[in-house]
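Here's work16.pdb, which has PDB, C-alpha atoms and all ligand atoms:
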```pdb
ATOM      1  CA  MET A   1     -11.699  11.445   2.086
ATOM      2  CA  ARG A   2      -8.280   9.790   2.175
ATOM      3  CA  TYR A   3      -9.067   6.600   4.127
ATOM      4  CA  PHE A   4     -12.261   4.697   4.804
ATOM      5  CA  SER A   5     -12.633   2.101   7.511
ATOM      6  CA  SER A   6     -14.963   3.722  10.049
ATOM      7  CA  VAL A   7     -18.277   5.586  10.166
ATOM      8  CA  ASN A   8     -16.284   8.581  11.452
ATOM      9  CA  ASP A   9     -14.412   8.846   8.140
ATOM     10  CA  LEU A  10     -17.622   9.996   6.424
ATOM     11  CA  GLY A  11     -18.213  13.052   8.616
ATOM     12  CA  SER A  12     -21.962  13.737   8.865
ATOM     13  CA  LEU A  13     -23.806  10.444   8.526
ATOM     14  CA  GLN A  14     -26.975  12.329   7.590
ATOM     15  CA  LEU A  15     -25.197  13.978   4.648
ATOM     16  CA  ALA A  16     -23.719  10.657   3.570
ATOM     17  CA  LEU A  17     -27.199   9.076   3.601
ATOM     18  CA  HIS A  18     -28.562  11.964   1.503
ATOM     19  CA  GLU A  19     -25.729  11.446  -0.942
ATOM     20  CA  ALA A  20     -26.552   7.724  -1.085
ATOM     21  CA  ILE A  21     -30.170   8.494  -2.006
ATOM     22  CA  GLU A  22     -29.042  11.070  -4.586
ATOM     23  CA  ILE A  23     -26.749   8.471  -6.182
ATOM     24  CA  LYS A  24     -29.399   5.755  -6.046
ATOM     25  CA  ASN A  25     -31.735   8.042  -8.013
ATOM     26  CA  ASP A  26     -29.059   8.766 -10.618
ATOM     27  CA  ARG A  27     -26.087   6.449 -10.259
ATOM     28  CA  PHE A  28     -24.198   7.909 -13.243
ATOM     29  CA  LYS A  29     -24.488  11.516 -12.049
ATOM     30  CA  TYR A  30     -20.749  11.701 -11.334
ATOM     31  CA  VAL A  31     -19.545   9.622 -14.290
ATOM     32  CA  GLU A  32     -16.984  12.303 -15.264
ATOM     33  CA  LEU A  33     -15.348  12.329 -11.825
ATOM     34  CA  GLY A  34     -13.328   9.132 -12.299
ATOM     35  CA  LYS A  35     -12.174   9.674 -15.882
ATOM     36  CA  ASN A  36      -8.610   8.327 -16.328
ATOM     37  CA  LYS A  37      -8.498   7.282 -12.673
ATOM     38  CA  THR A  38      -7.799   3.682 -11.745
ATOM     39  CA  LEU A  39      -9.168   1.661  -8.840
ATOM     40  CA  LEU A  40      -7.103  -1.335  -7.718
ATOM     41  CA  MET A  41      -9.021  -3.924  -5.689
ATOM     42  CA  VAL A  42      -6.749  -6.296  -3.762
ATOM     43  CA  PHE A  43      -8.319  -9.517  -2.487
ATOM     44  CA  PHE A  44      -6.568 -11.765   0.024
ATOM     45  CA  ASN A  45      -9.904 -13.619   0.493
ATOM     46  CA  SER A  46     -12.908 -14.734  -1.546
ATOM     47  CA  SER A  47     -15.751 -12.390  -2.453
ATOM     48  CA  LEU A  48     -18.871 -12.208  -4.587
ATOM     49  CA  ARG A  49     -20.703  -9.012  -3.535
ATOM     50  CA  THR A  50     -17.741  -6.807  -2.675
ATOM     51  CA  ARG A  51     -15.970  -7.648  -5.919
ATOM     52  CA  LEU A  52     -18.981  -7.005  -8.155
ATOM     53  CA  SER A  53     -20.552  -4.053  -6.340
ATOM     54  CA  THR A  54     -17.300  -2.129  -5.879
ATOM     55  CA  GLN A  55     -16.328  -2.636  -9.528
ATOM     56  CA  LYS A  56     -19.816  -1.480 -10.561
ATOM     57  CA  ALA A  57     -19.493   1.569  -8.284
ATOM     58  CA  ALA A  58     -16.163   2.477  -9.909
ATOM     59  CA  MET A  59     -17.771   2.087 -13.354
ATOM     60  CA  ASN A  60     -20.640   4.389 -12.268
ATOM     61  CA  LEU A  61     -17.948   7.010 -11.637
ATOM     62  CA  GLY A  62     -16.184   6.412 -14.953
ATOM     63  CA  MET A  63     -13.112   4.780 -13.409
ATOM     64  CA  ASN A  64     -10.893   2.032 -14.766
ATOM     65  CA  VAL A  65     -10.611  -1.044 -12.542
ATOM     66  CA  ILE A  66      -7.880  -3.611 -11.869
ATOM     67  CA  VAL A  67      -8.566  -6.627  -9.639
ATOM     68  CA  LEU A  68      -5.745  -8.551  -7.984
ATOM     69  CA  ASP A  69      -6.492 -11.900  -6.338
ATOM     70  CA  VAL A  70      -3.377 -12.275  -4.264
ATOM     71  CA  ASN A  71      -3.827 -16.031  -3.868
ATOM     72  CA  GLN A  72      -4.425 -16.712  -7.558
ATOM     73  CA  GLY A  73      -1.513 -15.953  -9.821
ATOM     74  CA  ALA A  74       0.412 -13.395  -7.740
ATOM     75  CA  TRP A  75       3.589 -14.273  -5.846
ATOM     76  CA  LYS A  76       2.975 -15.639  -2.366
ATOM     77  CA  LEU A  77       3.379 -12.672  -0.018
ATOM     78  CA  GLU A  78       5.181 -12.558   3.315
ATOM     79  CA  THR A  79       3.437 -10.235   5.781
ATOM     80  CA  GLU A  80       5.570 -10.593   8.933
ATOM     81  CA  HIS A  81       8.486  -8.236   9.462
ATOM     82  CA  GLY A  82      11.994  -9.540  10.057
ATOM     83  CA  VAL A  83      11.552 -13.150   8.903
ATOM     84  CA  VAL A  84      14.205 -15.014   6.905
ATOM     85  CA  MET A  85      12.286 -15.659   3.696
ATOM     86  CA  ASP A  86      13.491 -19.210   3.078
ATOM     87  CA  GLY A  87       9.975 -20.713   2.838
ATOM     88  CA  ASP A  88       7.307 -20.617   0.132
ATOM     89  CA  LYS A  89       6.785 -16.802   0.144
ATOM     90  CA  SER A  90       8.570 -15.150  -2.815
ATOM     91  CA  GLU A  91       7.864 -11.486  -2.100
ATOM     92  CA  HIS A  92       7.329  -9.235   0.912
ATOM     93  CA  LEU A  93       4.239  -7.101   1.321
ATOM     94  CA  LEU A  94       6.548  -4.152   2.022
ATOM     95  CA  GLU A  95       7.704  -4.158  -1.627
ATOM     96  CA  ALA A  96       4.427  -5.394  -3.089
ATOM     97  CA  ILE A  97       2.344  -2.555  -1.594
ATOM     98  CA  PRO A  98       4.302   0.418  -2.992
ATOM     99  CA  VAL A  99       4.490  -1.399  -6.339
ATOM    100  CA  MET A 100       0.693  -1.766  -6.374
ATOM    101  CA  GLY A 101       0.438   1.950  -5.581
ATOM    102  CA  CYS A 102       2.388   2.755  -8.765
ATOM    103  CA  TYR A 103      -0.421   1.512 -11.013
ATOM    104  CA  CYS A 104      -3.525   3.086  -9.500
ATOM    105  CA  ASP A 105      -5.099   6.120  -7.824
ATOM    106  CA  ILE A 106      -7.189   4.413  -5.125
ATOM    107  CA  ILE A 107      -6.811   1.003  -3.441
ATOM    108  CA  GLY A 108      -9.465  -1.233  -1.870
ATOM    109  CA  VAL A 109      -8.232  -4.030   0.406
ATOM    110  CA  ARG A 110      -9.907  -7.253   1.523
ATOM    111  CA  SER A 111      -7.840  -9.013   4.168
ATOM    112  CA  PHE A 112      -9.721 -11.079   6.754
ATOM    113  CA  ALA A 113      -8.659 -11.719  10.320
ATOM    114  CA  GLY A 114      -6.357 -14.707  10.739
ATOM    115  CA  LEU A 115      -8.231 -15.414  14.025
ATOM    116  CA  LYS A 116      -5.048 -16.743  15.662
ATOM    117  CA  ASP A 117      -3.515 -13.643  17.221
ATOM    118  CA  ARG A 118      -5.978 -11.078  18.564
ATOM    119  CA  GLU A 119      -3.375  -8.356  18.906
ATOM    120  CA  TYR A 120      -2.176  -8.776  15.310
ATOM    121  CA  ASP A 121      -5.740  -8.752  13.946
ATOM    122  CA  TYR A 122      -7.015  -5.845  16.064
ATOM    123  CA  ALA A 123      -3.932  -3.756  15.186
ATOM    124  CA  GLU A 124      -5.164  -3.991  11.538
ATOM    125  CA  THR A 125      -1.605  -4.904  10.593
ATOM    126  CA  VAL A 126      -2.191  -5.597   6.869
ATOM    127  CA  PHE A 127      -4.627  -2.716   6.192
ATOM    128  CA  ASN A 128      -2.384  -0.230   7.991
ATOM    129  CA  GLN A 129       0.594  -1.306   5.902
ATOM    130  CA  PHE A 130      -1.408  -0.375   2.787
ATOM    131  CA  VAL A 131      -2.205   2.989   4.386
ATOM    132  CA  LYS A 132       1.438   3.550   5.278
ATOM    133  CA  TYR A 133       3.269   2.260   2.201
ATOM    134  CA  SER A 134       0.974   2.521  -0.844
ATOM    135  CA  GLY A 135       1.007   6.310  -1.139
ATOM    136  CA  ARG A 136      -2.672   6.093  -2.163
ATOM    137  CA  PRO A 137      -6.077   6.570  -0.571
ATOM    138  CA  VAL A 138      -7.129   3.188   0.839
ATOM    139  CA  PHE A 139     -10.528   1.792   1.793
ATOM    140  CA  ALA A 140     -11.590  -1.367   3.604
ATOM    141  CA  MET A 141     -13.400  -4.098   1.647
ATOM    142  CA  GLU A 142     -13.534  -6.160   4.918
ATOM    143  CA  THR A 143     -10.333  -6.033   6.862
ATOM    144  CA  ALA A 144      -9.367  -7.922  10.024
ATOM    145  CA  THR A 145     -11.850  -6.030  12.212
ATOM    146  CA  VAL A 146     -14.220  -3.979  10.022
ATOM    147  CA  HIS A 147     -16.523  -4.147   6.998
ATOM    148  CA  PRO A 148     -17.731  -0.542   6.632
ATOM    149  CA  LEU A 149     -19.078  -0.782   3.045
ATOM    150  CA  GLN A 150     -21.432  -3.502   4.308
ATOM    151  CA  ALA A 151     -22.520  -1.528   7.394
ATOM    152  CA  PHE A 152     -23.150   1.569   5.257
ATOM    153  CA  ALA A 153     -25.262  -0.465   2.799
ATOM    154  CA  ASP A 154     -27.161  -1.997   5.734
ATOM    155  CA  LEU A 155     -27.902   1.440   7.174
ATOM    156  CA  ILE A 156     -29.172   2.668   3.786
ATOM    157  CA  THR A 157     -31.428  -0.427   3.661
ATOM    158  CA  ILE A 158     -32.798   0.257   7.154
ATOM    159  CA  GLU A 159     -33.468   3.909   6.224
ATOM    160  CA  GLU A 160     -35.380   2.771   3.138
ATOM    161  CA  HIS A 161     -37.515   0.164   4.949
ATOM    162  CA  LYS A 162     -38.141   1.603   8.415
ATOM    163  CA  GLU A 163     -41.794   2.109   9.304
ATOM    164  CA  VAL A 164     -41.199   4.118  12.493
ATOM    165  CA  LYS A 165     -38.879   7.098  13.007
ATOM    166  CA  ARG A 166     -36.561   5.289  15.454
ATOM    167  CA  PRO A 167     -36.735   1.544  14.786
ATOM    168  CA  LYS A 168     -35.512  -1.172  17.139
ATOM    169  CA  VAL A 169     -32.594  -2.969  15.466
ATOM    170  CA  VAL A 170     -31.319  -6.237  16.959
ATOM    171  CA  LEU A 171     -27.981  -7.772  16.045
ATOM    172  CA  THR A 172     -28.182 -11.468  16.912
ATOM    173  CA  TRP A 173     -25.424 -14.069  16.877
ATOM    174  CA  ALA A 174     -26.428 -17.313  15.088
ATOM    175  CA  PRO A 175     -24.635 -20.650  14.754
ATOM    176  CA  HIS A 176     -22.175 -21.566  11.989
ATOM    177  CA  PRO A 177     -19.908 -24.607  11.557
ATOM    178  CA  LYS A 178     -16.689 -22.629  10.962
ATOM    179  CA  ALA A 179     -14.934 -19.822  12.791
ATOM    180  CA  LEU A 180     -15.807 -16.462  11.170
ATOM    181  CA  PRO A 181     -14.335 -12.985  11.689
ATOM    182  CA  GLN A 182     -15.950 -10.272  13.839
ATOM    183  CA  ALA A 183     -15.639  -7.598  11.132
ATOM    184  CA  VAL A 184     -19.308  -7.561  10.075
ATOM    185  CA  PRO A 185     -20.801  -7.352  13.588
ATOM    186  CA  ASN A 186     -18.103  -4.867  14.679
ATOM    187  CA  SER A 187     -18.933  -2.444  11.876
ATOM    188  CA  PHE A 188     -22.676  -3.029  12.128
ATOM    189  CA  ALA A 189     -22.518  -2.153  15.840
ATOM    190  CA  GLU A 190     -20.342   0.900  15.173
ATOM    191  CA  TRP A 191     -22.731   2.212  12.497
ATOM    192  CA  MET A 192     -25.921   1.457  14.458
ATOM    193  CA  ASN A 193     -24.499   3.336  17.446
ATOM    194  CA  ALA A 194     -24.006   6.343  15.161
ATOM    195  CA  ALA A 195     -27.485   6.056  13.594
ATOM    196  CA  ASP A 196     -30.887   7.109  14.899
ATOM    197  CA  VAL A 197     -32.006   3.620  15.990
ATOM    198  CA  ASP A 198     -32.669   1.742  19.222
ATOM    199  CA  PHE A 199     -29.853  -0.829  19.066
ATOM    200  CA  VAL A 200     -29.643  -4.132  20.971
ATOM    201  CA  VAL A 201     -27.020  -6.891  20.652
ATOM    202  CA  THR A 202     -27.686 -10.506  21.662
ATOM    203  CA  HIS A 203     -25.288 -13.468  21.757
ATOM    204  CA  PRO A 204     -24.290 -16.384  23.969
ATOM    205  CA  GLU A 205     -21.850 -15.653  26.797
ATOM    206  CA  GLY A 206     -18.247 -15.450  25.620
ATOM    207  CA  TYR A 207     -19.144 -13.719  22.334
ATOM    208  CA  GLU A 208     -18.884 -10.151  23.695
ATOM    209  CA  LEU A 209     -17.761  -7.798  20.914
ATOM    210  CA  ASP A 210     -14.894  -5.359  21.327
ATOM    211  CA  PRO A 211     -16.028  -2.368  23.430
ATOM    212  CA  ARG A 212     -14.657   0.080  20.868
ATOM    213  CA  PHE A 213     -17.406  -1.061  18.475
ATOM    214  CA  VAL A 214     -20.244  -2.062  20.782
ATOM    215  CA  GLU A 215     -19.778   1.060  22.964
ATOM    216  CA  ASN A 216     -22.850   1.653  25.141
ATOM    217  CA  ALA A 217     -25.257  -0.520  23.141
ATOM    218  CA  VAL A 218     -27.619  -2.693  25.166
ATOM    219  CA  VAL A 219     -26.330  -6.282  25.381
ATOM    220  CA  GLU A 220     -29.090  -8.783  26.229
ATOM    221  CA  TYR A 221     -28.026 -12.422  26.627
ATOM    222  CA  ASN A 222     -31.611 -13.696  26.412
ATOM    223  CA  GLN A 223     -32.273 -13.840  22.671
ATOM    224  CA  MET A 224     -36.059 -13.977  23.094
ATOM    225  CA  LYS A 225     -36.072 -10.829  25.244
ATOM    226  CA  ALA A 226     -33.729  -9.073  22.811
ATOM    227  CA  LEU A 227     -35.896  -9.891  19.786
ATOM    228  CA  SER A 228     -39.105  -8.802  21.491
ATOM    229  CA  GLY A 229     -40.552  -5.818  19.578
ATOM    230  CA  ALA A 230     -37.679  -5.698  17.048
ATOM    231  CA  ASP A 231     -38.289  -3.907  13.726
ATOM    232  CA  PHE A 232     -35.096  -5.287  12.145
ATOM    233  CA  VAL A 233     -33.339  -8.572  12.971
ATOM    234  CA  TYR A 234     -29.730  -8.615  11.743
ATOM    235  CA  ALA A 235     -28.350 -12.147  12.075
ATOM    236  CA  LYS A 236     -24.650 -12.961  11.834
ATOM    237  CA  ASN A 237     -22.240 -15.533  13.146
ATOM    238  CA  TRP A 238     -18.906 -14.509  14.586
ATOM    239  CA  SER A 239     -16.181 -16.393  16.395
ATOM    240  CA  CYS A 240     -15.100 -15.653  19.954
ATOM    241  CA  PRO A 241     -13.764 -12.059  20.012
ATOM    242  CA  GLY A 242     -11.566 -12.871  23.010
ATOM    243  CA  VAL A 243     -12.836  -9.930  25.054
ATOM    244  CA  THR A 244     -14.042 -11.870  28.098
ATOM    245  CA  SER A 245     -12.095 -15.072  27.325
ATOM    246  CA  PRO A 246      -8.796 -14.179  25.568
ATOM    247  CA  ALA A 247      -7.681 -17.837  25.366
ATOM    248  CA  ASN A 248     -10.644 -18.643  23.091
ATOM    249  CA  TYR A 249      -9.996 -15.849  20.559
ATOM    250  CA  GLY A 250     -11.140 -16.868  17.076
ATOM    251  CA  GLN A 251     -12.735 -20.140  18.204
ATOM    252  CA  VAL A 252     -16.231 -21.580  17.852
ATOM    253  CA  ILE A 253     -17.360 -21.800  21.494
ATOM    254  CA  CYS A 254     -21.088 -22.362  20.936
ATOM    255  CA  LYS A 255     -23.036 -24.375  18.359
ATOM    256  CA  ASP A 256     -26.467 -24.006  19.932
ATOM    257  CA  MET A 257     -29.007 -24.351  17.109
ATOM    258  CA  GLY A 258     -31.584 -22.712  19.378
ATOM    259  CA  TRP A 259     -30.134 -19.404  18.105
ATOM    260  CA  THR A 260     -31.012 -20.113  14.448
ATOM    261  CA  ILE A 261     -33.546 -17.535  13.231
ATOM    262  CA  ASP A 262     -36.766 -19.356  12.338
ATOM    263  CA  GLU A 263     -40.411 -18.333  12.126
ATOM    264  CA  GLU A 264     -40.852 -18.781  15.877
ATOM    265  CA  HIS A 265     -38.003 -16.325  16.566
ATOM    266  CA  MET A 266     -39.531 -13.861  14.096
ATOM    267  CA  SER A 267     -42.931 -14.195  15.851
ATOM    268  CA  TRP A 268     -41.383 -12.553  18.963
ATOM    269  CA  THR A 269     -40.629  -9.398  16.926
ATOM    270  CA  ASN A 270     -42.720  -6.478  15.666
ATOM    271  CA  ASP A 271     -43.101  -8.228  12.273
ATOM    272  CA  ALA A 272     -39.411  -7.455  11.791
ATOM    273  CA  HIS A 273     -37.476  -7.344   8.568
ATOM    274  CA  PHE A 274     -34.768 -10.029   8.387
ATOM    275  CA  MET A 275     -31.244  -8.934   7.432
ATOM    276  CA  HIS A 276     -27.937 -10.706   6.732
ATOM    277  CA  CYS A 277     -24.873  -9.509   4.828
ATOM    278  CA  LEU A 278     -24.535 -12.775   2.837
ATOM    279  CA  PRO A 279     -23.077 -15.274   2.101
ATOM    280  CA  VAL A 280     -25.360 -17.136   4.485
ATOM    281  CA  ARG A 281     -25.587 -20.802   5.475
ATOM    282  CA  ARG A 282     -29.262 -21.688   5.338
ATOM    283  CA  ASN A 283     -30.760 -23.601   8.248
ATOM    284  CA  MET A 284     -27.707 -22.734  10.380
ATOM    285  CA  ILE A 285     -28.098 -18.932  10.569
ATOM    286  CA  VAL A 286     -31.665 -18.693   9.229
ATOM    287  CA  THR A 287     -34.330 -21.075   7.992
ATOM    288  CA  ASP A 288     -35.407 -21.238   4.344
ATOM    289  CA  ASN A 289     -38.858 -19.857   5.205
ATOM    290  CA  VAL A 290     -37.506 -16.720   6.882
ATOM    291  CA  ILE A 291     -34.845 -15.867   4.294
ATOM    292  CA  GLU A 292     -37.303 -16.476   1.445
ATOM    293  CA  GLY A 293     -40.148 -14.733   3.287
ATOM    294  CA  PRO A 294     -41.708 -11.352   2.488
ATOM    295  CA  ARG A 295     -39.818  -9.531   5.281
ATOM    296  CA  SER A 296     -36.359 -10.642   4.124
ATOM    297  CA  LEU A 297     -34.080  -7.796   2.980
ATOM    298  CA  VAL A 298     -30.988  -9.783   2.037
ATOM    299  CA  ILE A 299     -31.173  -8.894  -1.671
ATOM    300  CA  PRO A 300     -31.867  -5.131  -1.168
ATOM    301  CA  GLU A 301     -28.881  -5.060   1.235
ATOM    302  CA  ALA A 302     -26.643  -6.575  -1.420
ATOM    303  CA  ALA A 303     -28.012  -4.129  -4.022
ATOM    304  CA  ASN A 304     -27.147  -1.217  -1.736
ATOM    305  CA  ARG A 305     -23.501  -2.298  -1.678
ATOM    306  CA  GLU A 306     -23.196  -0.613  -5.080
ATOM    307  CA  ILE A 307     -24.575   2.600  -3.561
ATOM    308  CA  SER A 308     -22.362   2.631  -0.446
ATOM    309  CA  ALA A 309     -19.286   1.958  -2.598
ATOM    310  CA  THR A 310     -20.240   4.704  -5.065
ATOM    311  CA  VAL A 311     -20.515   7.266  -2.236
ATOM    312  CA  VAL A 312     -17.152   6.207  -0.775
ATOM    313  CA  LEU A 313     -15.303   6.232  -4.119
ATOM    314  CA  LYS A 314     -16.878   9.572  -5.048
ATOM    315  CA  ARG A 315     -15.621  11.098  -1.795
ATOM    316  CA  MET A 316     -12.135   9.706  -2.436
ATOM    317  CA  LEU A 317     -12.051  10.920  -6.051
ATOM    318  CA  GLU A 318     -13.102  14.418  -4.927
ATOM    319  CA  ASP A 319     -10.119  14.586  -2.571
ATOM    320  CA  LEU A 320      -7.449  13.211  -4.943
ATOM    321  CA  LYS A 321      -4.544  15.571  -5.261
TER     322      LYS A 321
HETATM  323  C1  LIG B   1     -17.168 -13.604   5.904
HETATM  324  C2  LIG B   1     -17.290 -13.084   7.341
HETATM  325  O1  LIG B   1     -18.092 -13.605   8.106
HETATM  326  O2  LIG B   1     -16.567 -12.140   7.687
HETATM  327  C3  LIG B   1     -17.577 -12.543   4.914
HETATM  328  C4  LIG B   1     -18.889 -11.901   5.136
HETATM  329  C5  LIG B   1     -19.122 -10.728   4.250
HETATM  330  N1  LIG B   1     -18.003 -14.751   5.721
HETATM  331  C6  LIG B   1     -17.530 -15.965   5.496
HETATM  332  O3  LIG B   1     -16.340 -16.167   5.503
HETATM  333  C7  LIG B   1     -18.516 -17.068   5.246
HETATM  334  N1  LIG B   2     -21.291  -9.287   2.047
HETATM  335  C1  LIG B   2     -20.101  -9.419   1.427
HETATM  336  O1  LIG B   2     -19.155  -8.659   1.651
HETATM  337  O2  LIG B   2     -20.058 -10.442   0.525
HETATM  338  P1  LIG B   2     -18.756 -10.994  -0.238
HETATM  339  O3  LIG B   2     -17.904 -11.662   0.800
HETATM  340  O4  LIG B   2     -19.309 -11.947  -1.249
HETATM  341  O5  LIG B   2     -18.035  -9.850  -0.861
END
```
Taking this structure as input, can you express it in the form of structure tokens?
Amino acid sequence: MRYFSSVNDLGSLQLALHEAIEIKNDRFKYVELGKNKTLLMVFFNSSLRTRLSTQKAAMNLGMNVIVLDVNQGAWKLETEHGVVMDGDKSEHLLEAIPVMGCYCDIIGVRSFAGLKDREYDYAETVFNQFVKYSGRPVFAMETATVHPLQAFADLITIEEHKEVKRPKVVLTWAPHPKALPQAVPNSFAEWMNAADVDFVVTHPEGYELDPRFVENAVVEYNQMKALSGADFVYAKNWSCPGVTSPANYGQVICKDMGWTIDEEHMSWTNDAHFMHCLPVRRNMIVTDNVIEGPRSLVIPEAANREISATVVLKRMLEDLK
């Protein structure tokens, strides 16, 4: 595997899930594979889970790891093409990327959506420059529009905890004080559409996700109806994707606390498991009781980030020239 940003990059999802279970049972099985290979993780944004789990995954495979926090200690990087660089940016991404490629074998990139220009974000401008100019295999650690390592870990978690063959999985929007990217719900929708689950999305009007991710999933605007009979409730906030209202792209257009997942919401479900990618704002997205309750899977999801990253890095190491 040369690039990883989509469920399609893995080939058979069934095989990838088998590999995840194999690695979870023996996470050092492929410790020789990464000997003398270096992973570079480039962060344009903050992270706790992605940083730790991806480094741990690389260590499971015997790799060396370098972490670059672009905003802490590196030169300020210009990303736009054709600008006169007379401001505070000392270096252009177009030199920085091939330079980064000189020191490593595989690159992971975290670069969130700016949420100002839909076209720029949805063209995956920064991630695609890494693909084009680094000369290395590149994987997404949450880019402008996707977070596939999270969606893969979430699917592993659902596989481990499902109590029926084809569970009902509901992705529900929930309120948040700040504008957040659509990467997590985009990837979650993409992966659930590829998995053997009954998938429903619910959100207030105006929050319609990009059709390329939500595809033919059922969209139910009535949250109570959507949650009815759910086996898994996946809560997440996202800002306006600008699909039905382009002028509002990246904005908070609803703050309705009626969408917060509390025990009453969970009582409409089939004793569902609660899921969230973390970090989560308590009593905005979900109440203390639900996240601390016996059906909460937020910690197992985070633990499975190590497994999804190990599978992805293993696939990339196997295909290094
Ligand atoms: C980010 C987001 O919503 O995309 C990262 C989630 C993994 N969350 C925040 O910025 C709070
Ligand atoms: N879920 C997730 O990606 O968390 P971080 O932002 O802490 O990496």
Mind giving me the axis-aligned box for ligand LIG 1 (chain B) with 3 Å on every side, centre plus edges in Å to one decimal, as JSON?
```
{"center_x": -17.7, "center_y": -13.9, "center_z": 6.2, "size_x": 8.8, "size_y": 12.3, "size_z": 9.9}
```
What does the PyMOL selection byres (((chain A and resi 72) around 12) and not hetatm) select in this file, as a list in words?
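Selection result, ordered by chain and number: Val42, Phe43, Phe44, Asn45, Ser46, Val67, Leu68, Asp69, Val70, Asn71, Gly73, Ala74, Trp75, Lys76 and Leu77 of chain A.
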Pull C-alpha atoms from the residues just selected and write them as a PDB file, in the frame of the given file.
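File written: part03.pdb
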```
ATOM      1  CA  VAL A  42      -6.749  -6.296  -3.762  1.00  0.00           C
ATOM      2  CA  PHE A  43      -8.319  -9.517  -2.487  1.00  0.00           C
ATOM      3  CA  PHE A  44      -6.568 -11.765   0.024  1.00  0.00           C
ATOM      4  CA  ASN A  45      -9.904 -13.619   0.493  1.00  0.00           C
ATOM      5  CA  SER A  46     -12.908 -14.734  -1.546  1.00  0.00           C
ATOM      6  CA  VAL A  67      -8.566  -6.627  -9.639  1.00  0.00           C
ATOM      7  CA  LEU A  68      -5.745  -8.551  -7.984  1.00  0.00           C
ATOM      8  CA  ASP A  69      -6.492 -11.900  -6.338  1.00  0.00           C
ATOM      9  CA  VAL A  70      -3.377 -12.275  -4.264  1.00  0.00           C
ATOM     10  CA  ASN A  71      -3.827 -16.031  -3.868  1.00  0.00           C
ATOM     11  CA  GLY A  73      -1.513 -15.953  -9.821  1.00  0.00           C
ATOM     12  CA  ALA A  74       0.412 -13.395  -7.740  1.00  0.00           C
ATOM     13  CA  TRP A  75       3.589 -14.273  -5.846  1.00  0.00           C
ATOM     14  CA  LYS A  76       2.975 -15.639  -2.366  1.00  0.00           C
ATOM     15  CA  LEU A  77       3.379 -12.672  -0.018  1.00  0.00           C
TER      16      LEU A  77
END
```
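If you measure from each of A:Trp191, A:Trp268, A:Trp173, A:Tyr221 to ligand LIG 1 (chain B) using only C-alpha atoms and all ligand atoms, the closest one turns out to be A:Trp173.
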Check the smallest atom-to-atom distance from each of A:Val170, A:Val201, A:Val164, A:Ala235 to ligand LIG 1 (chain B) using only C-alpha atoms and all ligand atoms, then report the winner.
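With only C-alpha atoms and all ligand atoms as the atom set, the closest residue is A:Ala235.
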Under the PyMOL selection byres (((chain A and resi 241) around 7) and not hetatm), which residues of this model are included? Write them out as a PDB file with C-alpha atoms, in the coordinates of the input.
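As a result, expr_38.pdb now contains:
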```pdb
ATOM      1  CA  GLN A 182     -15.950 -10.272  13.839  1.00  0.00           C
ATOM      2  CA  TYR A 207     -19.144 -13.719  22.334  1.00  0.00           C
ATOM      3  CA  GLU A 208     -18.884 -10.151  23.695  1.00  0.00           C
ATOM      4  CA  LEU A 209     -17.761  -7.798  20.914  1.00  0.00           C
ATOM      5  CA  ASP A 210     -14.894  -5.359  21.327  1.00  0.00           C
ATOM      6  CA  SER A 239     -16.181 -16.393  16.395  1.00  0.00           C
ATOM      7  CA  CYS A 240     -15.100 -15.653  19.954  1.00  0.00           C
ATOM      8  CA  GLY A 242     -11.566 -12.871  23.010  1.00  0.00           C
ATOM      9  CA  VAL A 243     -12.836  -9.930  25.054  1.00  0.00           C
ATOM     10  CA  TYR A 249      -9.996 -15.849  20.559  1.00  0.00           C
ATOM     11  CA  GLY A 250     -11.140 -16.868  17.076  1.00  0.00           C
TER      12      GLY A 250
END
```
Of the candidates A:Ile106, A:Ile253, A:Ile291, A:Val233, which one gets nearest to Thr38 in chain A if we count all atoms listed in the file?
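Nearest to Thr38 in chain A: A:Ile106.
Minimum distance to ligand LIG 1 (chain B) across A:Pro204, A:Pro211, A:Pro177, A:Pro246 (counting all atoms listed in the file) occurs at A:Pro177.
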Since I can't run it myself right now, could you work out what the PyMOL selection byres (((chain A and resi 36) around 12) and not hetatm) selects here and report it as a list in words?
Val31, Glu32, Leu33, Gly34, Lys35, Lys37, Thr38, Leu39, Ala58, Met59, Leu61, Gly62, Met63, Asn64, Val65, Tyr103, Cys104, Asp105, Ile106 and Leu317 of chain A
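If only C-alpha atoms and all ligand atoms are the atoms counted, then among A:Cys102, A:Glu220, A:Ala174, A:Ser228 the closest residue to ligand LIG 1 (chain B) is A:Ala174.
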What separation in Å, quoted to one decimal, exists between CA of Lys225 in chain A and CA of Arg282 in chain A?
23.7 Å
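Minimum atom-to-atom distances from A:Leu297, A:Leu115, A:Val169, A:Ala230 to ligand LIG 1 (chain B) were compared using all atoms listed in the file, and the lowest value belongs to A:Leu115.
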CA of Gln129 in chain A to CA of Val252 in chain A, distance in Å rounded to a single decimal
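It comes out at 28.9 Å.
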Suppose you want the space between CA of Ala194 in chain A and CA of Phe139 in chain A; what is it in Å?
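Value for the CA of Ala194 in chain A-CA of Phe139 in chain A distance: 19.5 Å.
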